[in-house]
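Student: Input start18.cif, format and content: mmCIF, C-alpha atoms.
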data_query
#
loop_
_atom_site.label_atom_id
_atom_site.label_comp_id
_atom_site.auth_asym_id
_atom_site.auth_seq_id
_atom_site.Cartn_x
_atom_site.Cartn_y
_atom_site.Cartn_z
CA MET A 276 -37.79 6.72 -39.90
CA THR A 277 -40.05 4.70 -37.63
CA SER A 278 -42.46 2.72 -39.82
CA ILE A 279 -44.25 -0.56 -40.29
CA GLY A 280 -44.74 -1.80 -43.80
CA GLY A 281 -43.85 1.65 -45.10
CA THR A 282 -46.47 3.41 -42.93
CA GLU A 283 -44.83 6.07 -40.78
CA MET A 284 -45.94 6.77 -37.24
CA VAL A 285 -45.74 10.47 -38.11
CA ASP A 286 -45.75 11.72 -41.68
CA TRP A 287 -43.11 14.39 -41.18
CA ASN A 288 -43.18 15.59 -44.78
CA LEU A 289 -46.93 16.10 -44.52
CA ALA A 290 -46.41 18.04 -41.29
CA VAL A 291 -44.00 20.40 -43.07
CA SER A 292 -46.20 20.84 -46.13
CA THR A 293 -49.33 21.39 -44.02
CA ALA A 294 -47.67 23.98 -41.81
CA THR A 295 -46.06 25.76 -44.75
CA ARG A 296 -49.38 25.90 -46.58
CA LEU A 297 -51.34 27.20 -43.58
CA VAL A 298 -48.85 29.65 -42.09
CA ARG A 299 -49.70 33.28 -42.63
CA PRO A 300 -47.41 35.40 -44.81
CA GLY A 301 -45.06 37.76 -43.04
CA PRO A 302 -45.06 41.56 -43.22
CA GLU A 303 -44.33 43.17 -46.55
CA VAL A 304 -40.74 44.30 -47.01
CA SER A 305 -38.73 45.12 -50.10
CA ARG A 306 -35.89 42.90 -51.22
CA ASP A 307 -33.30 45.48 -50.17
CA GLU A 308 -34.97 45.97 -46.80
CA ALA A 309 -35.03 42.22 -46.22
CA ARG A 310 -31.30 41.95 -46.93
CA ALA A 311 -30.58 44.81 -44.53
CA ILE A 312 -32.70 43.22 -41.77
CA VAL A 313 -30.94 39.87 -42.12
CA ALA A 314 -27.51 41.53 -42.04
CA GLU A 315 -28.42 43.57 -38.97
CA LEU A 316 -29.72 40.54 -37.08
CA ARG A 317 -26.47 38.71 -37.80
CA ARG A 318 -24.45 41.67 -36.49
CA HIS A 319 -26.57 41.90 -33.36
CA ALA A 320 -26.26 38.18 -32.71
CA LYS A 321 -22.46 38.49 -32.86
CA SER A 322 -22.26 41.58 -30.65
CA SER A 323 -24.72 40.08 -28.15
CA GLU A 324 -22.32 37.25 -27.40
CA LEU A 325 -19.77 39.48 -25.68
CA HIS A 326 -22.43 41.55 -23.90
CA VAL A 327 -24.08 38.44 -22.47
CA ARG A 328 -20.86 36.75 -21.38
CA GLU A 329 -19.58 39.88 -19.64
CA PHE A 330 -22.86 40.41 -17.81
CA THR A 331 -23.47 36.78 -16.80
CA ARG A 332 -19.81 35.92 -16.14
CA LEU A 333 -20.41 32.60 -17.84
CA ALA A 334 -17.45 31.32 -19.83
CA GLN A 335 -17.05 28.58 -22.37
CA PRO A 336 -15.11 25.60 -20.99
CA GLY A 337 -11.41 26.27 -21.21
CA ALA A 338 -11.61 30.06 -20.94
CA ALA A 339 -8.84 31.31 -18.71
CA ASP A 340 -9.69 32.07 -15.08
CA GLY A 341 -13.41 32.05 -15.73
CA ALA A 342 -13.20 35.12 -17.93
CA ALA A 343 -15.87 35.73 -20.48
CA GLY A 344 -13.39 35.03 -23.26
CA ASP A 345 -13.71 35.90 -26.91
CA ALA A 346 -13.69 32.44 -28.44
CA PRO A 347 -16.50 32.22 -30.99
CA HIS A 348 -19.39 29.81 -30.68
CA ASP A 349 -19.43 26.82 -32.98
CA THR A 350 -23.23 26.95 -32.96
CA PRO A 351 -24.44 28.68 -36.13
CA VAL A 352 -26.83 31.62 -36.25
CA LEU A 353 -29.57 31.16 -38.84
CA VAL A 354 -31.86 34.02 -39.84
CA VAL A 355 -34.93 32.25 -41.19
CA ASP A 356 -38.44 32.92 -42.48
CA ARG A 357 -41.52 31.14 -41.16
CA PRO A 358 -41.21 28.07 -43.42
CA GLY A 359 -37.56 27.82 -42.42
CA TRP A 360 -38.52 27.79 -38.74
CA ILE A 361 -41.07 25.05 -39.45
CA LYS A 362 -38.52 22.83 -41.21
CA ALA A 363 -36.00 23.30 -38.41
CA ASN A 364 -38.48 22.38 -35.70
CA VAL A 365 -39.78 19.31 -37.50
CA ALA A 366 -36.18 18.11 -37.69
CA GLY A 367 -35.85 18.69 -33.95
CA PHE A 368 -39.09 16.84 -33.19
CA ARG A 369 -37.93 13.86 -35.23
CA ALA A 370 -34.69 13.65 -33.24
CA VAL A 371 -36.30 14.00 -29.79
CA LEU A 372 -39.27 11.71 -30.45
CA LYS A 373 -37.34 8.92 -32.17
CA PRO A 374 -37.13 6.65 -29.07
CA LEU A 375 -40.83 7.09 -28.27
CA LEU A 376 -41.88 6.35 -31.84
CA ALA A 377 -39.71 3.26 -31.89
CA LYS A 378 -41.45 2.09 -28.71
CA MET A 379 -44.85 2.76 -30.24
CA GLU A 380 -43.84 0.86 -33.37
CA ASP A 381 -43.06 -2.21 -31.32
CA ARG A 382 -46.43 -2.03 -29.58
CA ARG A 383 -48.60 -1.16 -32.56
CA ALA A 384 -48.31 -4.54 -34.23
CA THR A 385 -49.69 -6.30 -31.13
CA VAL A 386 -52.51 -3.86 -30.31
CA PRO A 387 -56.04 -4.67 -31.55
CA GLY A 388 -56.77 -2.31 -34.39
CA GLY A 389 -53.10 -1.44 -34.72
CA ALA A 390 -53.07 -2.02 -38.46
CA VAL A 391 -55.94 0.41 -38.96
CA LEU A 392 -54.33 2.99 -36.70
CA GLY A 393 -51.10 2.58 -38.61
CA ALA A 394 -52.75 3.14 -41.96
CA VAL A 395 -54.17 6.53 -41.09
CA GLY A 396 -52.37 7.56 -37.92
CA GLY A 397 -49.25 8.90 -39.59
CA LYS A 398 -51.24 11.13 -41.93
CA VAL A 399 -53.55 12.38 -39.19
CA THR A 400 -50.68 13.11 -36.83
CA GLY A 401 -48.75 14.83 -39.61
CA VAL A 402 -51.67 17.15 -40.35
CA GLU A 403 -52.24 17.89 -36.65
CA LEU A 404 -48.57 18.65 -36.09
CA GLY A 405 -48.57 20.85 -39.19
CA MET A 406 -51.54 22.83 -37.87
CA LEU A 407 -49.79 23.37 -34.54
CA LEU A 408 -46.58 24.49 -36.21
CA SER A 409 -48.43 26.91 -38.50
CA PHE A 410 -49.87 28.56 -35.39
CA LEU A 411 -46.51 28.83 -33.64
CA ALA A 412 -44.47 29.80 -36.70
CA SER A 413 -45.90 33.32 -36.81
CA ARG A 414 -45.28 33.93 -33.10
CA VAL A 415 -41.74 32.78 -32.28
CA LEU A 416 -39.15 35.57 -32.49
CA GLY A 417 -36.10 33.43 -31.89
CA GLN A 418 -35.08 30.05 -30.56
CA TYR A 419 -32.00 28.18 -29.45
CA GLU A 420 -32.53 24.66 -30.78
CA THR A 421 -30.79 22.48 -28.23
CA PHE A 422 -31.26 19.13 -29.96
CA ALA A 423 -31.09 20.23 -33.58
CA PRO A 424 -29.60 17.73 -36.03
CA ALA A 425 -27.53 19.12 -38.88
CA SER A 426 -28.75 18.99 -42.47
CA ARG A 427 -27.67 20.44 -45.77
CA ASP A 428 -29.98 23.44 -45.46
CA LEU A 429 -29.89 23.75 -41.65
CA PRO A 430 -26.38 23.46 -40.19
CA ALA A 431 -25.87 22.77 -36.48
CA ALA A 432 -23.00 22.44 -34.05
CA ALA A 433 -21.17 19.13 -33.83
CA GLN A 434 -22.89 18.30 -30.53
CA GLY A 435 -26.22 19.65 -31.77
CA GLY A 436 -27.61 23.13 -31.44
CA ARG A 437 -28.24 26.23 -33.52
CA LEU A 438 -29.66 29.70 -32.95
CA LEU A 439 -32.69 30.69 -35.02
CA LEU A 440 -33.88 34.26 -35.52
CA VAL A 441 -37.26 34.49 -37.29
CA ALA A 442 -36.92 37.74 -39.25
CA PRO A 443 -40.55 38.28 -40.36
CA ASN A 444 -41.86 37.80 -36.82
CA ILE A 445 -39.35 40.24 -35.38
CA VAL A 446 -40.33 42.84 -37.99
CA HIS A 447 -44.04 42.21 -37.37
CA VAL A 448 -43.73 42.76 -33.61
CA GLU A 449 -41.51 45.83 -33.82
CA ARG A 450 -44.03 47.43 -36.16
CA GLU A 451 -46.97 46.40 -34.01
CA LEU A 452 -45.37 47.85 -30.87
CA GLU A 453 -44.12 50.95 -32.72
CA VAL A 454 -40.68 50.72 -31.11
CA ASP A 455 -37.25 51.52 -32.49
CA PRO A 456 -36.54 48.59 -34.85
CA HIS A 457 -32.78 48.59 -34.33
CA ASP A 458 -33.12 48.55 -30.54
CA PHE A 459 -35.78 45.85 -30.65
CA ARG A 460 -33.71 43.56 -32.88
CA LEU A 461 -30.72 43.81 -30.55
CA TRP A 462 -32.97 43.25 -27.52
CA VAL A 463 -34.33 40.02 -29.02
CA CYS A 464 -30.81 38.85 -29.89
CA LEU A 465 -29.70 39.40 -26.28
CA HIS A 466 -32.42 37.02 -25.07
CA GLU A 467 -31.62 34.28 -27.57
CA GLU A 468 -27.87 34.67 -27.13
CA THR A 469 -28.36 34.10 -23.40
CA HIS A 470 -29.84 30.70 -24.17
CA ARG A 471 -26.93 29.86 -26.43
CA THR A 472 -24.52 30.92 -23.68
CA GLN A 473 -26.33 28.81 -21.08
CA PHE A 474 -25.84 25.64 -23.08
CA THR A 475 -22.31 26.31 -24.33
CA ALA A 476 -20.99 27.41 -20.92
CA VAL A 477 -22.68 24.60 -18.99
CA PRO A 478 -21.73 21.38 -20.83
CA TRP A 479 -23.85 19.02 -18.72
CA LEU A 480 -27.07 21.01 -19.19
CA ARG A 481 -28.01 19.63 -22.60
CA ASP A 482 -27.60 15.99 -21.58
CA HIS A 483 -29.50 16.60 -18.35
CA ILE A 484 -32.52 18.10 -20.11
CA GLU A 485 -32.45 15.44 -22.82
CA GLY A 486 -32.42 12.76 -20.14
CA GLU A 487 -35.44 14.30 -18.43
CA ILE A 488 -37.32 14.57 -21.71
CA GLN A 489 -36.58 10.96 -22.61
CA SER A 490 -37.68 9.86 -19.14
CA PHE A 491 -40.90 11.80 -19.65
CA LEU A 492 -41.49 10.20 -23.04
CA GLY A 493 -40.56 6.79 -21.67
CA GLU A 494 -43.41 7.06 -19.18
CA THR A 495 -45.90 7.87 -21.92
CA ASP A 496 -48.98 5.67 -21.80
CA ILE A 497 -49.00 4.21 -25.30
CA ASP A 498 -51.90 1.78 -24.88
CA PRO A 499 -54.51 3.08 -27.36
CA GLY A 500 -57.45 2.39 -25.05
CA ALA A 501 -55.90 4.23 -22.11
CA LEU A 502 -54.76 7.06 -24.32
CA LEU A 503 -58.25 7.49 -25.78
CA GLU A 504 -59.67 7.62 -22.26
CA ARG A 505 -57.19 10.32 -21.28
CA LEU A 506 -58.02 12.32 -24.39
CA ARG A 507 -61.73 11.94 -23.61
CA GLU A 508 -61.11 13.33 -20.12
CA ALA A 509 -59.12 16.18 -21.65
CA ALA A 510 -61.91 17.00 -24.08
CA GLN A 511 -64.50 17.03 -21.31
CA SER A 512 -62.42 19.36 -19.20
CA LEU A 513 -61.59 21.69 -22.04
CA ALA A 514 -65.24 21.72 -23.11
CA GLY A 515 -66.23 23.14 -19.75
CA ALA A 516 -67.07 20.05 -17.69
CA ARG A 517 -65.44 21.76 -14.73
CA PRO A 518 -67.92 24.15 -13.06
CA GLU A 519 -67.29 27.78 -13.84
CA GLY A 520 -65.18 29.49 -11.25
CA GLU A 521 -63.47 26.35 -9.97
CA GLU A 522 -60.49 26.53 -12.28
CA GLY A 523 -57.35 27.85 -10.62
CA ASP A 524 -54.76 30.10 -12.16
CA ASP A 525 -52.77 27.16 -13.48
CA GLY A 526 -55.67 25.53 -15.33
CA ASN A 527 -55.20 22.36 -17.38
CA SER A 528 -53.89 22.19 -20.88
CA LEU A 529 -54.20 19.21 -23.16
CA VAL A 530 -50.55 18.45 -22.42
CA ASP A 531 -51.21 18.44 -18.65
CA LEU A 532 -54.20 16.14 -18.88
CA VAL A 533 -52.51 13.25 -20.68
CA GLN A 534 -49.70 12.85 -18.13
CA THR A 535 -49.16 9.87 -15.88
CA PRO A 536 -48.25 10.50 -12.20
CA ALA A 537 -44.60 9.71 -12.96
CA GLN A 538 -44.66 12.22 -15.81
CA ARG A 539 -45.99 14.91 -13.50
CA GLU A 540 -42.94 14.50 -11.28
CA ILE A 541 -40.61 14.75 -14.25
CA LEU A 542 -42.53 17.70 -15.64
CA GLY A 543 -42.15 19.48 -12.30
CA ARG A 544 -38.37 19.26 -12.66
CA LEU A 545 -38.49 20.29 -16.32
CA THR A 546 -40.77 23.22 -15.49
CA ALA A 547 -38.27 24.42 -12.88
CA VAL A 548 -35.27 24.27 -15.20
CA MET A 549 -37.16 25.88 -18.09
CA SER A 550 -38.36 28.65 -15.77
CA LEU A 551 -34.74 29.18 -14.76
CA LEU A 552 -33.52 29.35 -18.37
CA GLU A 553 -36.29 31.65 -19.60
CA GLY A 554 -36.19 33.87 -16.53
CA HIS A 555 -32.42 34.14 -16.73
CA ALA A 556 -32.66 35.19 -20.40
CA ASP A 557 -35.24 37.87 -19.56
CA PHE A 558 -33.12 39.11 -16.65
CA VAL A 559 -30.02 39.31 -18.84
CA MET A 560 -31.68 41.06 -21.78
CA ASP A 561 -32.99 43.76 -19.46
CA GLY A 562 -29.78 43.92 -17.44
CA VAL A 563 -27.59 44.42 -20.50
CA GLY A 564 -30.21 46.58 -22.15
CA PRO A 565 -29.63 50.02 -20.56
CA ASP A 566 -26.02 50.12 -21.77
CA VAL A 567 -26.65 49.05 -25.37
CA VAL A 568 -30.42 49.44 -26.01
CA PRO A 569 -31.42 53.05 -25.30
CA SER A 570 -35.17 52.40 -25.46
CA VAL A 571 -35.14 49.16 -23.43
CA ALA A 572 -37.64 50.43 -20.83
CA GLU A 573 -40.21 51.33 -23.50
CA ILE A 574 -39.66 48.03 -25.31
CA ARG A 575 -40.08 45.96 -22.15
CA GLU A 576 -43.26 47.76 -21.10
CA LYS A 577 -44.94 47.37 -24.49
CA PHE A 578 -43.71 43.81 -24.98
CA GLN A 579 -44.99 42.70 -21.58
CA LYS A 580 -48.45 44.02 -22.36
CA ARG A 581 -48.45 42.21 -25.69
CA ARG A 582 -47.14 38.98 -24.18
CA ALA A 583 -49.83 38.99 -21.48
CA SER A 584 -52.81 39.92 -23.62
CA GLY A 585 -52.35 37.75 -26.71
CA ALA A 586 -53.77 38.69 -30.09
CA GLY A 587 -57.43 37.98 -29.34
CA ARG A 588 -59.85 35.50 -27.81
CA LEU A 589 -59.03 32.71 -30.26
CA ASP A 590 -55.33 33.22 -29.70
CA GLN A 591 -55.83 33.08 -25.93
CA ALA A 592 -57.90 29.90 -26.19
CA LEU A 593 -55.27 28.19 -28.32
CA ARG A 594 -52.49 29.29 -25.98
CA LYS A 595 -54.33 27.75 -23.04
CA LEU A 596 -55.13 24.53 -24.90
CA LEU A 597 -51.51 24.08 -25.97
CA GLY A 598 -50.10 24.97 -22.56
CA LEU A 599 -48.44 28.15 -23.82
CA ASP A 600 -49.77 30.13 -20.86
CA ALA A 601 -47.51 27.98 -18.72
CA LYS A 602 -44.54 29.21 -20.74
CA LEU A 603 -45.55 32.81 -20.08
CA ARG A 604 -45.53 32.05 -16.36
CA GLN A 605 -42.06 30.56 -16.76
CA TYR A 606 -40.74 33.90 -18.01
CA ARG A 607 -42.33 35.76 -15.12
CA ASP A 608 -41.59 33.37 -12.28
CA GLY A 609 -38.09 32.54 -13.50
CA GLU A 610 -37.12 36.19 -13.85
CA ARG A 611 -38.30 36.87 -10.29
CA PHE A 612 -36.21 33.95 -9.02
CA VAL A 613 -33.06 35.12 -10.81
CA ARG A 614 -33.51 38.73 -9.74
CA ALA A 615 -34.08 37.80 -6.10
CA VAL A 616 -31.03 35.52 -5.98
CA VAL A 617 -28.71 38.01 -7.70
CA GLU A 618 -29.85 40.78 -5.35
CA GLU A 619 -29.10 38.56 -2.35
CA VAL A 620 -25.84 36.80 -3.29
CA GLY A 621 -24.61 38.54 -6.44
CA MET A 622 -24.02 37.16 -9.92
CA ASP A 623 -21.24 34.79 -8.86
CA GLY A 624 -23.47 33.49 -6.09
CA PHE A 625 -26.30 32.95 -8.54
CA ASN A 626 -23.99 31.13 -10.94
CA ARG A 627 -23.69 28.28 -8.46
CA VAL A 628 -26.97 27.20 -10.02
CA TRP A 629 -24.93 25.88 -12.96
CA THR A 630 -22.66 23.65 -10.83
CA SER A 631 -24.58 20.40 -11.35
CA PRO A 632 -28.14 19.07 -11.71
CA ASN A 633 -28.28 18.99 -7.90
CA THR A 634 -27.93 22.78 -7.70
CA LEU A 635 -30.77 23.50 -10.10
CA PRO A 636 -33.81 24.99 -8.33
CA THR A 637 -36.84 22.87 -7.70
CA LYS A 638 -40.28 24.02 -8.79
CA GLN A 639 -40.95 25.05 -5.19
CA GLU A 640 -37.66 26.96 -4.97
CA ILE A 641 -38.49 28.92 -8.12
CA ALA A 642 -41.40 30.35 -6.11
CA LYS A 643 -39.25 30.74 -2.96
CA PRO A 644 -35.72 31.84 -3.94
CA ALA A 645 -34.65 32.10 -0.30
CA ASP A 646 -35.07 28.33 0.02
CA TRP A 647 -32.66 27.74 -2.88
CA ILE A 648 -30.15 30.18 -1.38
CA ALA A 649 -30.36 28.43 1.98
CA ARG A 650 -29.93 24.97 0.45
CA VAL A 651 -27.16 25.65 -2.05
CA HIS A 652 -25.13 28.29 -0.24
CA ARG A 653 -25.38 26.68 3.19
CA LYS A 654 -24.05 23.38 1.82
CA SER A 655 -21.32 24.91 -0.32
CA ASP A 656 -20.20 27.20 2.51
CA GLY A 657 -19.93 24.29 4.92
CA ALA A 658 -22.72 25.37 7.22
CA PRO A 659 -24.61 22.62 9.07
#
For the file at hand, write its structure as structure tokens.
Tutor:
Amino acid sequence: MTSIGGTEMVDWNLAVSTATRLVRPGPEVSRDEARAIVAELRRHAKSSELHVREFTRLAQPGAADGAAGDAPHDTPVLVVDRPGWIKANVAGFRAVLKPLLAKMEDRRATVPGGAVLGAVGGKVTGVELGMLLSFLASRVLGQYETFAPASRDLPAAAQGGRLLLVAPNIVHVERELEVDPHDFRLWVCLHEETHRTQFTAVPWLRDHIEGEIQSFLGETDIDPGALLERLREAAQSLAGARPEGEEGDDGNSLVDLVQTPAQREILGRLTAVMSLLEGHADFVMDGVGPDVVPSVAEIREKFQKRRASGAGRLDQALRKLLGLDAKLRQYRDGERFVRAVVEEVGMDGFNRVWTSPNTLPTKQEIAKPADWIARVHRKSDGAP
């Protein structure tokens, strides 16, 4: 734990307790129904593995001749409730942010007012993080935790990673959409299993993304005065300082507004790869769907409407503030990229994207798939 004189930079325990206290209860289900839901999600997660590997033609390293293979994942599948999701994500945040917090610890002792900030900062940050997690914990259906550390209650693969399925949220959405619950649960598992397949079949992907994240965090402006100025600018913008009608489709979230120029470059690369991963998962879940999910068309139509509209004006405002609208665009833009490439060069041609970091699409290529095809396939085919 990063601390000075026993004062933590982030009070992680307070973050967990705050989020757990504030998170809304899930839908009512009987004990027997809950057991059945958990068992079904586990079955769907297992069956999704073969469906996804056959459709994507992505194999774990060592599978013969590039076949999908039937070797099981060593990444565990955890069916969790909302507090369980909160605990898992706090553990992930601690692992990812450790280098940044260590850097801030070194600086805090030499910054004017650092002792005061240290006395209250950990508590304040813990509460703020808890509030954010309580908001997200009722919305996430599933998640592949790439950088998850193992613990007694939350196992992970040896190299990190676990698949989370948030049972109460899945039940809440299937009831809200009035879709077939069994089809919906399998459909969600197909999406999350695609993420697990991406990282287990492409060994360099995890280290590449972690390197980009650490580069982003390494560029973080940790001078308190400069940071306060950036937050002041963010508050002015979010409060409506920009004249009405001037804001583009992208807008500015709080996350966007505290970036340095170097961070914007890194974020552009991260945005591209996350758009690829999310779009690929959406493409796969719908591509596999017709063969194993009879009502996939109905589910997709209703889910898209829900995803786009949000749950109300407050929900939409929070999504914009937190930058979650950008994630929705990642699903849409990434799926268009994947679909366009597969239609042009086939699945094997698309899978060249996983060759190395150099074959990942840029942010511009996500919007113009033909440019990625020209760059990657022209080079690999030996064209000038």
Student: Just to confirm, what's the straight-line distance from CA of Ala370 in chain A to CA of Asp286 in chain A in Å (one decimal)?
Tutor: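 Between CA of Ala370 in chain A and CA of Asp286 in chain A the gap works out to 14.0 Å.
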Student: Smallest atom-to-atom distance to Trp462 in chain A: which of A:Ala334, A:Ile488, A:Val402, A:Val571, using only C-alpha atoms?
Tutor: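 With only C-alpha atoms as the atom set, the closest residue is A:Val571.
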Student: Between CA of Ile574 in chain A and CA of Thr331 in chain A, measure the distance and give it in Å to one decimal.
Tutor: 21.5 Å
Student: Using only C-alpha atoms, what residues lie at most 8 Å away from (-36.5, 36.6, -17.1) (file coordinates), given as JSON, numbers by chain?
Tutor: {"A": [551, 552, 553, 554, 555, 556, 557, 558, 559, 606, 607, 608, 609, 610, 611, 613]}
Student: Report, in Å with one decimal, the straight-line distance from CA of Ala366 in chain A to CA of Pro424 in chain A.
Tutor: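 Those two atoms sit 6.8 Å apart.
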Student: Kindly indicate which residue among A:Val568, A:Ile541, A:Pro430, A:Leu333 lies nearest to His319 in chain A, using only C-alpha atoms for the distances.
Tutor: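 Closest residue, counting only C-alpha atoms: A:Val568.
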